[in-house]
Amino acid sequence: MSNDMTRRGFFAKMGIVFNGLVAGAIAVPVVRYLLSSITNGNAGGYLSWVPLGRVNEFPEGETRLATFTNPYVTPTDGKTVDTAAWVRRIDGDNFQVFAVNCAHLGCPVRWFPQSGLFMCPCHGGAYYRDGSRASGPPERGLFEYPYKVENGLVTIQAGELPTPGPRASVDGVKPPCAYS
Amino acid sequence: MRVLIKIGEWFDQRLQLAAPIREAAEHPVPRNTASWWYVFGSAALVIFILQFVTGILLALVYVPSAAEAWSSLQALNHTVALGWFIRALHGWGSNFMVAIVLIHMMQVFLFGAHKYPRELTWIVGVFLLLMTLGMAFTGQVLRFDQDAYWGLGIGASIASRVPVIGPAAVKLMLGGPIIAGATLSRFFALHVFVIPGLLIGFVCLHLLMVLKLGINEWPMPGRIVRRATYVSEYHELTKKDGAPFFPYAIWKDMFFAGFILLAVAACAIYFGPFGPTGRPDPTIIQTVPKPDYFFLWLYGVLSLLPPSMETPALIIGPVLVILGLLLLPFISGEGEKSWRRRPIAVLTVMMIAITLATFTHLAEYAPWSPHMNAWSGDPIPEKYLHSTTALERQGALVFQAKQCRNCHAMGDLGGQRGPSLDSVAVRLTQDQLIRQVIQGGGNMPAYGKSLSPAETTALVAFLQTLHPPGQRPARDASRDVAIEDEKRPKTEP
């Protein structure tokens with residue numbers, strides 16, 4: 001009798017172990033599925049060079065709003081992949097391209113050419129024309145996209161929402177909007 | 001009638017639920033807990049059921065796709081018959097739910113209901129509060145408009161500040177590198193499946209414990225909670241001075257819940273649904289995003305914290321608050337229950353309530369935000385331009401054109417980020433004005449590079465005229481001496 005119980009008990013335990021193994025095996029792809037939005041971005045997977053416009057669309061000494069389509073698009077994105085950036089042409093091929101996202105909490109900053117300031121409507125962050133912090137809660141200046149000018153075309157390296165936290169540095173790819 | 005009873009009996013023979021339900025409904029409760037103070041928990045439950053039903057009704061039409069969510073909300077508001085009413089019920093229901101859950105929590109704390117043996121009921125309640133707030137935030141995201149879009153940006157910016165895992169947390173939260181289709185899909189899953197599922201489970205647990213442990217008795221000053229004796233004392237009380245929950249106490253719950261439902265419906269009819277505001281198009285940057293009212297206090301806190309404090313406060317603050325709430329029943333699990341003998345508890349509740357109310361009130365008019373259109377929209381009061389010189393008027397023009405108005409009010413119009421300038425000349429001398437304009441400081445940007453010397457001179461000349469008629473402008477005594485010194489004829493040595 002007691003032998004029989006031990007045998008049953010053993011099978012019950014084996015049943016638990018077996019289910020645990022199967023659950024573990026199934027959990028691996030589930031976890032990978034859940035984390036895919038992180039792993040897809042490894043090694044600069046989300047970043048690309050996107051054109052902003054021709055150089056002569058941006059007058060020297062002025063700051064203009066430009067829009068581009070985010071390089072990473074999924075079918076249900078709608079308008080959300082359209083992104084704006086502030087383009088400051090200092091002179092010639094000398095540019096600064098700022099993210100519209102405030103370095104405080106990401107609200108869209110607006111450029112006021114008369115006072116030469118970017119102002120944020122949310123918590124009152126302000127930046128000078130070169131993107132450096134002027135006042136308010138931001139701890140740093142505006143995020144800057146890496147840019148290059150080729151054949152009269154301004155292109156920037158974009159693809160990720162700029163956020164104020166530290167960025168995971170990616171091998172061989174300079175992260176966009178890194179600390180300027 | 002007899003047929004109905006027969007059918008009922010047929011079912012109960014198989015289900016065997018009638019007896020336990022009757023037992024639960026008629027369990028004795030202490031007589032004086034049949035009070036209007038004990039109605040908030042059941043009201044929260046009724047609102048949760050309202051949210052559940054209206055949520056399903058909205059899901060019949062709503063499309064959780066970043067490309068179509070906004071249009072489907074428009075359809076609900078304008079095309080679908082009474083779609084606006086269901087949206088309004090759900091939106092106002094969420095406001096009422098947050099408010100009632102908070103009131104319930106406050107009442108429970110003041111009545112000492114978190115003490116032995118109801119610690120776990122309180123802890124489950126804390127999770128219910130967090131889930132309610134989670135539902136409120138994810139619900140605001142599903143109203144996929146400009147506020148939702150930039151609200152997600154704020155959430156991502158906060159998440160990014162967590163050390164080490166920040167960047168990964170952002171991508172996990174957004175479901176990709178940017179706020180887009182995948183973001184809305186996962187917030188839909190959270191709002192419609194994950195959090196409600198957990199909520200139902202935790203609500204059942206919460207109710208089960210209320211039934212098993214009995215409702216907290218009315219606290220009497222001097223009746224001390226002791227682990228050794230409490231349970232038997234409580235049973236004695238319900239035996240000696242108890243009454244069946246149904247119908248002795250439940251009628252007040254029913255009336256209050258009905259009244260709250262009526263209030264939600266009245267608000268829904270009178271004020272209508274919330275939004276959606278503008279289309280969630282990130283290239284439209286002419287927007288002033290603001291959170292819904294239950295997060296306005298946070299919006300205020302984020303504006304007023306010193307920059308260096310912000311990241312620690314954002315990351316450590318919530319952890320401390322939640323830990324404090326979870327540990328509360330272990331810190332004060334025994335002793336007095338009555339608020340009359342717990343002055344610190346009463347003061348804590350008052351302080352938290354006043355703090356939250358103050359920040360919420362401040363956030364309603366957001367004095368820290370520049371008024372983006374003040375420079376082109378708000379005129380300079382006429383009286384400040386009477387009998388002024390050409391230079392001073394030129395200065396008024398500079399004042400307006402250089403967007404000073406966005407942060408500085410004049411004649412009660414304009415931004416409130418900086419001080420109002422109606423009497424600035426009384427506070428600052430000419431030198432101080434020039435220095436402040438050119439170098440900035442004290443949270444004001446420096447305008448040295450954006451103003452020509454002539455513009456600065458004109459601006460300061462105008463600012464110096466801004467003093468009440470009876471008050472002289474500030475002046476630097478040493479400067480007078482210096483000027484007089486210059487005027488005095490030089491005497492030969």
# chains A, B, ... in the order shown; residues from 1 in each chain; ligands from 1
call {"tool": "select_by_dssp", "arguments": {"residues": "chain A", "states": "strand (DSSP E or B)", "output": "PyMOL selection string"}}
result
chain A and resi 48-54+63-69+82-91+94-99+101+108+110-112+117-119+126-128+133-135+144-145+147-150+153-158+170+173
call {"tool": "interface_residues", "arguments": {"of": "chain B", "to": "chain A", "cutoff": "7 Å", "atoms": "only C-alpha atoms", "output": "PDB file with C-alpha atoms, in the first residue's frame"}}
result
ATOM      1  CA  SER B  65      -4.945  51.252 -34.579  1.00  0.00           C
ATOM      2  CA  ALA B  66      -2.833  54.387 -34.563  1.00  0.00           C
ATOM      3  CA  ALA B  67      -4.051  55.091 -38.094  1.00  0.00           C
ATOM      4  CA  TRP B 150       2.608  63.718 -26.047  1.00  0.00           C
ATOM      5  CA  GLY B 153       6.239  60.991 -24.785  1.00  0.00           C
ATOM      6  CA  ILE B 154       6.263  62.204 -21.179  1.00  0.00           C
ATOM      7  CA  ALA B 156       8.721  57.493 -22.167  1.00  0.00           C
ATOM      8  CA  SER B 157      10.903  60.366 -20.953  1.00  0.00           C
ATOM      9  CA  ILE B 158      10.247  59.375 -17.345  1.00  0.00           C
ATOM     10  CA  SER B 160      14.159  56.562 -19.874  1.00  0.00           C
ATOM     11  CA  ARG B 161      15.567  58.045 -16.675  1.00  0.00           C
ATOM     12  CA  GLY B 166      15.968  53.059 -19.049  1.00  0.00           C
ATOM     13  CA  PRO B 167      16.429  52.826 -22.850  1.00  0.00           C
ATOM     14  CA  ALA B 168      15.174  49.231 -22.937  1.00  0.00           C
ATOM     15  CA  LYS B 171      11.255  50.456 -26.214  1.00  0.00           C
ATOM     16  CA  LEU B 172       9.312  47.912 -24.192  1.00  0.00           C
ATOM     17  CA  GLY B 175       6.607  48.515 -28.531  1.00  0.00           C
ATOM     18  CA  GLY B 176       9.200  49.942 -30.890  1.00  0.00           C
ATOM     19  CA  PRO B 177      11.550  52.874 -31.357  1.00  0.00           C
ATOM     20  CA  ILE B 178       8.852  55.575 -31.505  1.00  0.00           C
ATOM     21  CA  ILE B 179       5.289  56.236 -30.389  1.00  0.00           C
ATOM     22  CA  ALA B 180       3.333  54.522 -33.175  1.00  0.00           C
ATOM     23  CA  GLY B 181       0.937  51.712 -34.037  1.00  0.00           C
ATOM     24  CA  PRO B 280      -2.192  62.637 -33.133  1.00  0.00           C
ATOM     25  CA  ASP B 281       0.137  63.931 -35.834  1.00  0.00           C
ATOM     26  CA  PRO B 282       3.622  64.596 -34.407  1.00  0.00           C
ATOM     27  CA  THR B 283       4.337  67.199 -37.078  1.00  0.00           C
ATOM     28  CA  ILE B 285       3.680  71.008 -32.830  1.00  0.00           C
ATOM     29  CA  VAL B 288      -0.159  72.400 -25.381  1.00  0.00           C
ATOM     30  CA  PRO B 289      -0.420  68.847 -24.003  1.00  0.00           C
ATOM     31  CA  SER B 303       7.375  71.693 -13.222  1.00  0.00           C
ATOM     32  CA  PRO B 306      14.517  71.705  -9.102  1.00  0.00           C
ATOM     33  CA  PRO B 307      16.136  70.072 -12.183  1.00  0.00           C
ATOM     34  CA  TRP B 368       5.158  77.801 -15.146  1.00  0.00           C
ATOM     35  CA  SER B 369       4.221  77.419 -18.810  1.00  0.00           C
ATOM     36  CA  PRO B 370       4.979  80.273 -21.196  1.00  0.00           C
ATOM     37  CA  MET B 372       2.946  80.826 -26.461  1.00  0.00           C
ATOM     38  CA  ALA B 401       8.138  91.599 -30.386  1.00  0.00           C
ATOM     39  CA  LYS B 402      10.814  89.761 -28.432  1.00  0.00           C
ATOM     40  CA  GLN B 403       8.199  87.538 -26.765  1.00  0.00           C
ATOM     41  CA  ASN B 443      15.346  81.196 -14.560  1.00  0.00           C
ATOM     42  CA  MET B 444      15.305  83.907 -17.258  1.00  0.00           C
ATOM     43  CA  PRO B 445      17.209  83.308 -20.497  1.00  0.00           C
ATOM     44  CA  SER B 450      19.072  88.519 -29.413  1.00  0.00           C
TER      45      SER B 450
END
call {"tool": "residues_around", "arguments": {"residues": "stretch 324-334 of chain B", "least_positions_apart": "5", "cutoff": "8 Å", "atoms": "only C-alpha atoms", "output": "VMD selection string"}}
result
chain B and resid 114 to 116 119 122 to 123 126 224 to 227
call {"tool": "atom_distance", "arguments": {"atom1": "atom CA of B:Leu184", "atom2": "atom CA of B:Phe144"}}
result
7.9 Å
call {"tool": "closest_residue", "arguments": {"among": "B:Phe85, B:Phe202, B:Phe11, B:Tyr62", "to": "B:Leu130", "atoms": "only C-alpha atoms"}}
result
B:Phe202
call {"tool": "residues_around", "arguments": {"residues": "B:Arg186", "least_positions_apart": "3", "cutoff": "8 Å", "atoms": "only C-alpha atoms", "output": "ChimeraX atom specification"}}
result
/B:174-175,182-183,189-190
call {"tool": "residues_around", "arguments": {"residues": "stretch 250-256 of chain B", "least_positions_apart": "5", "cutoff": "9 Å", "atoms": "only C-alpha atoms", "output": "list in words"}}
result
Ala34, Ser35, Trp36, Tyr38, Val39, Phe40, Gly41, Ser42, Ala43, Phe245 and Leu261 of chain B
call {"tool": "write_last_selection", "arguments": {"atoms": "N, CA and C atoms", "output": "PDB file, in the first residue's frame"}}
result
ATOM      1  N   ALA B  34     -23.584  50.313   9.780  1.00  0.00           N
ATOM      2  CA  ALA B  34     -24.592  50.659   8.774  1.00  0.00           C
ATOM      3  C   ALA B  34     -24.638  52.179   8.691  1.00  0.00           C
ATOM      4  N   SER B  35     -23.519  52.746   8.204  1.00  0.00           N
ATOM      5  CA  SER B  35     -23.354  54.203   8.257  1.00  0.00           C
ATOM      6  C   SER B  35     -23.101  54.719   6.852  1.00  0.00           C
ATOM      7  N   TRP B  36     -23.407  56.004   6.669  1.00  0.00           N
ATOM      8  CA  TRP B  36     -23.094  56.607   5.364  1.00  0.00           C
ATOM      9  C   TRP B  36     -21.597  56.698   5.129  1.00  0.00           C
ATOM     10  N   TYR B  38     -19.686  54.161   5.313  1.00  0.00           N
ATOM     11  CA  TYR B  38     -19.227  52.848   4.864  1.00  0.00           C
ATOM     12  C   TYR B  38     -19.693  52.515   3.441  1.00  0.00           C
ATOM     13  N   VAL B  39     -20.015  53.549   2.657  1.00  0.00           N
ATOM     14  CA  VAL B  39     -20.630  53.281   1.350  1.00  0.00           C
ATOM     15  C   VAL B  39     -19.646  53.389   0.183  1.00  0.00           C
ATOM     16  N   PHE B  40     -18.412  53.855   0.443  1.00  0.00           N
ATOM     17  CA  PHE B  40     -17.541  54.197  -0.695  1.00  0.00           C
ATOM     18  C   PHE B  40     -17.001  52.962  -1.420  1.00  0.00           C
ATOM     19  N   GLY B  41     -16.711  51.890  -0.654  1.00  0.00           N
ATOM     20  CA  GLY B  41     -16.190  50.679  -1.289  1.00  0.00           C
ATOM     21  C   GLY B  41     -17.182  50.117  -2.284  1.00  0.00           C
ATOM     22  N   SER B  42     -18.454  50.007  -1.853  1.00  0.00           N
ATOM     23  CA  SER B  42     -19.447  49.435  -2.765  1.00  0.00           C
ATOM     24  C   SER B  42     -19.689  50.375  -3.947  1.00  0.00           C
ATOM     25  N   ALA B  43     -19.589  51.695  -3.701  1.00  0.00           N
ATOM     26  CA  ALA B  43     -19.765  52.639  -4.812  1.00  0.00           C
ATOM     27  C   ALA B  43     -18.652  52.457  -5.841  1.00  0.00           C
ATOM     28  N   PHE B 245     -26.293  42.060   7.283  1.00  0.00           N
ATOM     29  CA  PHE B 245     -25.874  43.046   6.283  1.00  0.00           C
ATOM     30  C   PHE B 245     -27.029  43.368   5.339  1.00  0.00           C
ATOM     31  N   LEU B 261     -24.086  56.833  -9.652  1.00  0.00           N
ATOM     32  CA  LEU B 261     -24.351  56.519 -11.062  1.00  0.00           C
ATOM     33  C   LEU B 261     -25.107  57.668 -11.723  1.00  0.00           C
TER      34      LEU B 261
END
call {"tool": "residues_around", "arguments": {"residues": "B:His27", "least_positions_apart": "4", "cutoff": "10 Å", "atoms": "only C-alpha atoms", "output": "list in words"}}
result
Ile21, Arg22, Glu23, Leu211, Lys212, Gly214, Thr238, Gly242, Ala243, Pro244, Phe245 and Phe246 of chain B
call {"tool": "write_last_selection", "arguments": {"atoms": "N, CA and C atoms", "output": "tab-separated table (two decimals), in the first residue's frame"}}
result
chain	number	residue	atom	x	y	z
B	21	ILE	N	-24.77	32.10	-0.75
B	21	ILE	CA	-25.08	33.49	-1.08
B	21	ILE	C	-25.92	34.11	0.04
B	22	ARG	N	-26.91	33.33	0.51
B	22	ARG	CA	-27.76	33.85	1.59
B	22	ARG	C	-26.92	34.10	2.84
B	23	GLU	N	-26.02	33.18	3.09
B	23	GLU	CA	-25.18	33.31	4.29
B	23	GLU	C	-24.32	34.58	4.20
B	211	LEU	N	-15.65	39.80	3.61
B	211	LEU	CA	-16.66	38.87	4.11
B	211	LEU	C	-16.10	37.96	5.20
B	212	LYS	N	-14.90	37.43	4.97
B	212	LYS	CA	-14.32	36.46	5.90
B	212	LYS	C	-13.95	37.11	7.22
B	214	GLY	N	-14.97	40.13	8.26
B	214	GLY	CA	-15.98	41.03	8.78
B	214	GLY	C	-15.62	42.48	8.51
B	238	THR	N	-20.28	41.44	17.14
B	238	THR	CA	-21.30	41.14	16.12
B	238	THR	C	-22.41	40.29	16.72
B	242	GLY	N	-25.04	42.96	16.60
B	242	GLY	CA	-24.93	42.80	15.16
B	242	GLY	C	-26.29	42.83	14.48
B	243	ALA	N	-26.26	43.03	13.18
B	243	ALA	CA	-27.49	43.00	12.38
B	243	ALA	C	-27.13	42.44	11.03
B	244	PRO	N	-28.06	41.74	10.37
B	244	PRO	CA	-27.72	41.17	9.06
B	244	PRO	C	-27.39	42.27	8.05
B	245	PHE	N	-26.29	42.06	7.28
B	245	PHE	CA	-25.87	43.05	6.28
B	245	PHE	C	-27.03	43.37	5.34
B	246	PHE	N	-27.71	42.29	4.88
B	246	PHE	CA	-28.90	42.49	4.05
B	246	PHE	C	-30.12	42.22	4.90
